[in-house]
>>> print(open('work-v3.cif').read())   # mmCIF, C-alpha atoms
data_final
#
loop_
_atom_site.label_atom_id
_atom_site.label_comp_id
_atom_site.auth_asym_id
_atom_site.auth_seq_id
_atom_site.Cartn_x
_atom_site.Cartn_y
_atom_site.Cartn_z
CA MET Z 1 -2.86 21.59 17.19
CA THR Z 2 -6.05 22.76 15.58
CA GLY Z 3 -8.06 21.64 12.59
CA GLY Z 4 -11.04 19.58 11.56
CA PHE Z 5 -11.69 16.28 13.22
CA VAL Z 6 -11.04 13.15 11.22
CA GLY Z 7 -14.24 12.09 9.47
CA GLU Z 8 -15.84 15.53 9.34
CA GLY Z 9 -17.30 16.17 5.91
CA GLN Z 10 -15.84 12.96 4.53
CA ASP Z 11 -17.70 10.40 2.45
CA THR Z 12 -18.43 7.48 4.77
CA ALA Z 13 -18.63 4.93 1.92
CA PRO Z 14 -15.75 5.52 -0.51
CA THR Z 15 -15.29 3.18 -3.41
CA THR Z 16 -12.46 0.71 -3.21
CA ALA Z 17 -10.38 -1.04 -5.81
CA LEU Z 18 -9.67 -4.01 -3.53
CA PRO Z 19 -11.17 -6.81 -5.71
CA ALA Z 20 -9.25 -5.60 -8.78
CA VAL Z 21 -5.97 -5.31 -6.85
CA VAL Z 22 -6.43 -8.79 -5.35
CA ALA Z 23 -7.02 -10.23 -8.83
CA ARG Z 24 -3.93 -8.54 -10.27
CA VAL Z 25 -1.69 -9.66 -7.41
CA ALA Z 26 -2.99 -13.23 -7.68
CA ALA Z 27 -2.31 -13.29 -11.44
CA LEU Z 28 1.21 -11.95 -10.98
CA ALA Z 29 1.93 -14.43 -8.20
CA ASP Z 30 0.79 -17.30 -10.43
CA ARG Z 31 2.97 -16.08 -13.28
CA LEU Z 32 6.00 -15.89 -11.00
CA ASP Z 33 5.19 -19.14 -9.15
CA VAL Z 34 4.96 -17.25 -5.87
CA PRO Z 35 2.68 -19.01 -3.34
CA HIS Z 36 -0.54 -17.15 -2.53
CA THR Z 37 0.16 -17.82 1.12
CA GLU Z 38 3.17 -15.52 0.75
CA VAL Z 39 1.60 -12.58 -1.05
CA PHE Z 40 -1.69 -12.81 0.86
CA GLY Z 41 -0.19 -13.59 4.26
CA ILE Z 42 -2.66 -12.32 6.86
CA ASP Z 43 -0.12 -11.19 9.45
CA ARG Z 44 2.04 -9.40 6.90
CA LEU Z 45 -0.89 -7.59 5.32
CA SER Z 46 -2.29 -6.66 8.72
CA ALA Z 47 1.02 -5.08 9.74
CA ALA Z 48 1.33 -3.28 6.40
CA SER Z 49 -2.23 -1.95 6.31
CA GLY Z 50 -3.17 -1.55 9.95
CA VAL Z 51 -6.28 -3.67 9.38
CA PRO Z 52 -6.93 -6.36 12.03
CA GLY Z 53 -6.06 -9.89 10.89
CA PRO Z 54 -9.62 -11.30 10.97
CA VAL Z 55 -10.82 -8.35 8.90
CA VAL Z 56 -8.02 -8.87 6.36
CA LYS Z 57 -9.04 -12.52 6.04
CA ALA Z 58 -12.70 -11.63 5.54
CA LEU Z 59 -12.00 -8.90 2.97
CA LEU Z 60 -9.69 -11.16 0.95
CA SER Z 61 -12.50 -13.71 0.85
CA GLY Z 62 -14.92 -11.08 -0.45
CA ARG Z 63 -16.98 -11.03 2.72
CA PRO Z 64 -18.16 -7.82 4.39
CA ALA Z 65 -16.37 -7.24 7.67
CA GLY Z 66 -18.08 -4.15 9.01
CA GLU Z 67 -16.31 -0.83 9.35
CA PRO Z 68 -15.32 0.62 12.72
CA GLU Z 69 -16.11 4.22 13.58
CA VAL Z 70 -13.24 6.50 12.61
CA GLN Z 71 -11.96 7.03 16.16
CA THR Z 72 -11.99 3.29 16.86
CA ARG Z 73 -10.12 2.72 13.61
CA PHE Z 74 -7.54 5.35 14.58
CA VAL Z 75 -6.95 3.74 17.99
CA GLN Z 76 -6.61 0.27 16.41
CA ARG Z 77 -4.11 1.47 13.83
CA LEU Z 78 -2.08 3.47 16.35
CA ASP Z 79 -1.94 0.47 18.67
CA LEU Z 80 -0.67 -1.67 15.78
CA LEU Z 81 2.02 0.92 14.97
CA ARG Z 82 3.20 0.87 18.56
CA ARG Z 83 3.38 -2.94 18.50
CA THR Z 84 5.08 -3.33 15.13
CA ARG Z 85 7.19 -0.17 14.62
CA LEU Z 86 9.59 -0.50 17.52
CA LYS Z 87 12.66 1.40 18.64
CA PRO Z 88 16.11 0.07 17.66
CA ASN Z 89 16.30 -1.62 21.08
CA GLY Z 90 13.10 -3.55 20.36
CA ARG Z 91 10.95 -1.63 22.83
CA LYS Z 92 7.76 0.32 22.18
CA TYR Z 93 7.85 4.07 21.88
CA THR Z 94 6.56 5.70 25.04
CA GLN Z 95 3.75 8.21 25.10
CA GLN Z 96 6.31 10.93 25.80
CA GLU Z 97 8.47 9.90 22.83
CA ILE Z 98 5.45 9.89 20.51
CA ALA Z 99 4.38 13.28 21.89
CA ASP Z 100 7.84 14.77 21.36
CA GLY Z 101 8.17 13.32 17.87
CA ALA Z 102 4.68 14.42 16.83
CA GLY Z 103 4.92 17.89 18.37
CA MET Z 104 2.18 17.56 20.96
CA SER Z 105 1.92 17.33 24.73
CA ARG Z 106 2.16 14.04 26.58
CA GLN Z 107 -1.43 14.54 27.74
CA GLN Z 108 -2.59 14.89 24.13
CA ALA Z 109 -0.70 11.80 23.04
CA GLY Z 110 -2.06 9.78 25.96
CA ALA Z 111 -5.63 10.84 25.24
CA LEU Z 112 -5.27 9.85 21.57
CA ILE Z 113 -3.65 6.51 22.36
CA ASN Z 114 -6.36 5.65 24.90
CA GLY Z 115 -9.20 6.78 22.66
CA ASP Z 116 -10.22 9.58 25.01
CA ARG Z 117 -9.79 12.28 22.38
CA ARG Z 118 -10.96 12.41 18.77
CA PRO Z 119 -7.95 12.93 16.47
CA THR Z 120 -7.68 15.83 14.07
CA MET Z 121 -6.11 15.52 10.64
CA GLU Z 122 -3.07 17.35 12.06
CA HIS Z 123 -2.74 14.72 14.79
CA CYS Z 124 -2.90 11.96 12.20
CA ASP Z 125 -0.37 13.60 9.89
CA ALA Z 126 2.09 14.19 12.72
CA ILE Z 127 1.86 10.64 14.08
CA GLN Z 128 2.13 9.12 10.59
CA ARG Z 129 5.29 11.14 9.97
CA PHE Z 130 6.71 10.06 13.31
CA PHE Z 131 6.17 6.36 12.53
CA ARG Z 132 7.15 6.88 8.87
CA VAL Z 133 4.02 5.41 7.36
CA HIS Z 134 2.16 6.73 4.35
CA ALA Z 135 -0.53 9.42 4.52
CA GLY Z 136 -3.91 7.94 5.39
CA PHE Z 137 -2.52 4.95 7.29
CA LEU Z 138 -4.45 5.90 10.43
CA THR Z 139 -7.66 6.95 8.69
CA ALA Z 140 -8.30 4.97 5.48
CA GLU Z 141 -11.26 2.62 5.64
CA ASP Z 142 -10.29 -1.03 5.91
CA PRO Z 143 -10.84 -2.09 2.26
CA GLU Z 144 -8.85 0.86 0.90
CA ALA Z 145 -6.09 0.41 3.49
CA LEU Z 146 -5.75 -3.24 2.46
CA ALA Z 147 -5.80 -2.30 -1.23
CA ASN Z 148 -2.96 0.17 -0.62
CA ALA Z 149 -0.87 -2.52 1.06
CA LEU Z 150 -1.49 -4.93 -1.81
CA ARG Z 151 -0.49 -2.28 -4.35
CA HIS Z 152 2.97 -2.30 -2.80
CA THR Z 153 3.03 -6.09 -3.21
CA GLU Z 154 1.93 -5.64 -6.82
CA GLN Z 155 4.79 -3.23 -7.49
CA GLU Z 156 7.31 -5.69 -6.04
CA LEU Z 157 5.94 -8.53 -8.16
CA LEU Z 158 6.00 -6.40 -11.30
CA GLN Z 159 9.62 -5.54 -10.66
CA SER Z 160 10.45 -9.21 -10.18
CA LEU Z 161 8.64 -10.07 -13.41
CA ALA Z 162 10.46 -7.33 -15.31
CA ASP Z 163 13.81 -8.53 -13.98
CA ARG Z 164 13.09 -12.12 -14.96
CA GLU Z 165 11.92 -11.24 -18.45
CA ARG Z 166 14.84 -8.88 -19.00
CA GLN Z 167 17.31 -11.60 -18.11
CA ALA Z 168 15.61 -14.15 -20.35
CA ALA Z 169 15.36 -11.77 -23.30
CA ALA Z 170 18.95 -10.59 -22.93
CA ALA Z 171 20.13 -14.19 -23.07
CA ALA Z 172 18.18 -14.67 -26.31
CA ASP Z 173 19.37 -11.34 -27.83
CA ASP Z 174 15.72 -10.31 -28.33
CA PRO Z 175 15.17 -7.06 -30.32
CA LEU Z 176 11.96 -6.45 -28.41
CA GLU Z 177 13.92 -6.43 -25.21
CA ARG Z 178 16.30 -3.85 -26.68
CA LEU Z 179 13.31 -1.63 -27.49
CA LEU Z 180 11.97 -2.02 -23.97
CA GLN Z 181 15.36 -1.03 -22.56
CA ASP Z 182 15.94 1.87 -24.96
CA HIS Z 183 12.58 3.47 -24.20
CA GLY Z 184 12.41 2.60 -20.52
CA VAL Z 185 9.15 0.78 -21.14
CA ARG Z 186 9.49 -1.56 -18.18
CA GLY Z 187 9.98 1.36 -15.83
CA ILE Z 188 6.92 3.06 -17.28
CA ALA Z 189 4.86 -0.10 -16.83
CA TRP Z 190 6.09 -0.50 -13.27
CA ARG Z 191 5.15 3.07 -12.41
CA ALA Z 192 1.79 2.66 -14.16
CA ALA Z 193 0.86 0.03 -11.58
CA GLN Z 194 0.96 2.78 -8.97
CA LEU Z 195 -1.72 4.88 -10.72
CA PRO Z 196 -4.94 5.25 -8.71
CA THR Z 197 -7.51 3.71 -11.06
CA ASP Z 198 -7.84 1.06 -13.73
CA GLN Z 199 -8.81 3.84 -16.19
CA HIS Z 200 -5.41 5.50 -15.69
CA ARG Z 201 -3.61 2.20 -16.17
CA ASP Z 202 -5.63 1.43 -19.31
CA LYS Z 203 -4.45 4.66 -20.94
CA VAL Z 204 -0.83 3.74 -20.27
CA ALA Z 205 -1.48 0.25 -21.69
CA GLU Z 206 -2.92 1.77 -24.87
CA TRP Z 207 0.22 3.87 -25.33
CA LEU Z 208 2.48 0.85 -24.80
CA ASP Z 209 0.45 -1.17 -27.30
CA MET Z 210 0.94 1.56 -29.90
CA LEU Z 211 4.69 1.57 -29.28
CA LEU Z 212 5.11 -2.19 -29.44
CA GLU Z 213 2.64 -3.18 -32.16
CA GLY Z 214 5.17 -2.61 -34.97
CA VAL Z 215 7.96 -4.54 -33.31
CA GLN Z 216 8.48 -7.99 -34.78
CA ARG Z 217 10.29 -10.71 -32.92
CA PRO Z 218 12.64 -12.80 -35.06
CA LYS Z 219 11.13 -15.98 -36.39
CA ALA Z 220 12.35 -19.16 -34.75
#
>>> encode(input="work-v3.cif", output="structure tokens")
Amino acid sequence: MTGGFVGEGQDTAPTTALPAVVARVAALADRLDVPHTEVFGIDRLSAASGVPGPVVKALLSGRPAGEPEVQTRFVQRLDLLRRTRLKPNGRKYTQQEIADGAGMSRQQAGALINGDRRPTMEHCDAIQRFFRVHAGFLTAEDPEALANALRHTEQELLQSLADRERQAAAAADDPLERLLQDHGVRGIAWRAAQLPTDQHRDKVAEWLDMLLEGVQRPKA
């Protein structure tokens, strides 16, 4: 494999949306009466993001936690994948199995796992595909990796909220609910939560407001 090394030419201090994502997840959890200990579980978020548990705890509390050098971060995340993404028999994937699945030699895989070789983007992409994790899992800086994991939680909570409100409105024969169903508004809102920035989400919210502002609920 050839290609640039991870970290070459990359901004070392990217912005992160972590505080905003944390706030949105907390608000949704409160609305659904889901305990914060469930949505912000340290072990679960560590496994989902690849960020070490103590760092997850610090970042959720708004404290700086330092940022490991990119190769150290890669080794940490790869070690977590090997511990949490196991074979059907419950055992870890061997270096040879990772090498075969990622299209590299056993020597290359061993050097990457042990931190003796700096990974290229091709290495990262191949290993991420092998373990079936999203692009950037091995390389994203800790705050952004945690934000990505929480966005998945946000999507699940939004779906739960939509399901609950749909059931309640259907029982009340609410015309607003019929509009939401006819235009697929809930699906649009759910997908909007996956957009990369608050500015993107705000534009979708403006469109939804325009659609819904003329809808009148029946008077009690």
>>> residues_around(input="work-v3.cif", residues="Ile42 (chain Z)", least_positions_apart="4", cutoff="10 Å", atoms="only C-alpha atoms", output="PyMOL selection string")
chain Z and resi 37-38+46-48+51-57+60
>>> closest_atom_pairs(input="work-v3.cif", of="region 19-98 of chain Z", to="region 114-124 of chain Z", cutoff="10 Å", atoms="only C-alpha atoms", output="tab-separated table")
residue	atom	partner	partner_atom	distance
Z:Val70	CA	Z:Arg118	CA	8.8
Z:Gln71	CA	Z:Arg118	CA	6.1
Z:Thr72	CA	Z:Gly115	CA	7.3
Z:Arg73	CA	Z:Gly115	CA	10.0
Z:Phe74	CA	Z:Pro119	CA	7.8
Z:Val75	CA	Z:Gly115	CA	6.0
Z:Gln76	CA	Z:Gly115	CA	9.4
Z:Leu78	CA	Z:Cys124	CA	9.5
Z:Asp79	CA	Z:Asn114	CA	9.2
>>> residues_near_point(input="work-v3.cif", point="(2.7, -1.1, 0.5)", cutoff="12 Å", atoms="only C-alpha atoms", output="list in words")
Val39, Arg44, Leu45, Ser46, Ala47, Ala48, Ser49, Gly50, Val133, His134, Ala135, Phe137, Glu144, Ala145, Leu146, Ala147, Asn148, Ala149, Leu150, Arg151, His152, Thr153, Glu154, Gln155, Glu156, Leu157 and Gln194 of chain Z
>>> closest_residue(input="work-v3.cif", among="Z:Ala65, Z:Ala162, Z:Met210, Z:Ala205", to="Arg31 (chain Z)", atoms="only C-alpha atoms")
Z:Ala162
>>> atom_distance(input="work-v3.cif", atom1="CA of Pro68 (chain Z)", atom2="CA of Leu80 (chain Z)")
15.1 Å
>>> atom_distance(input="work-v3.cif", atom1="CA of Asp163 (chain Z)", atom2="CA of His200 (chain Z)")
23.9 Å
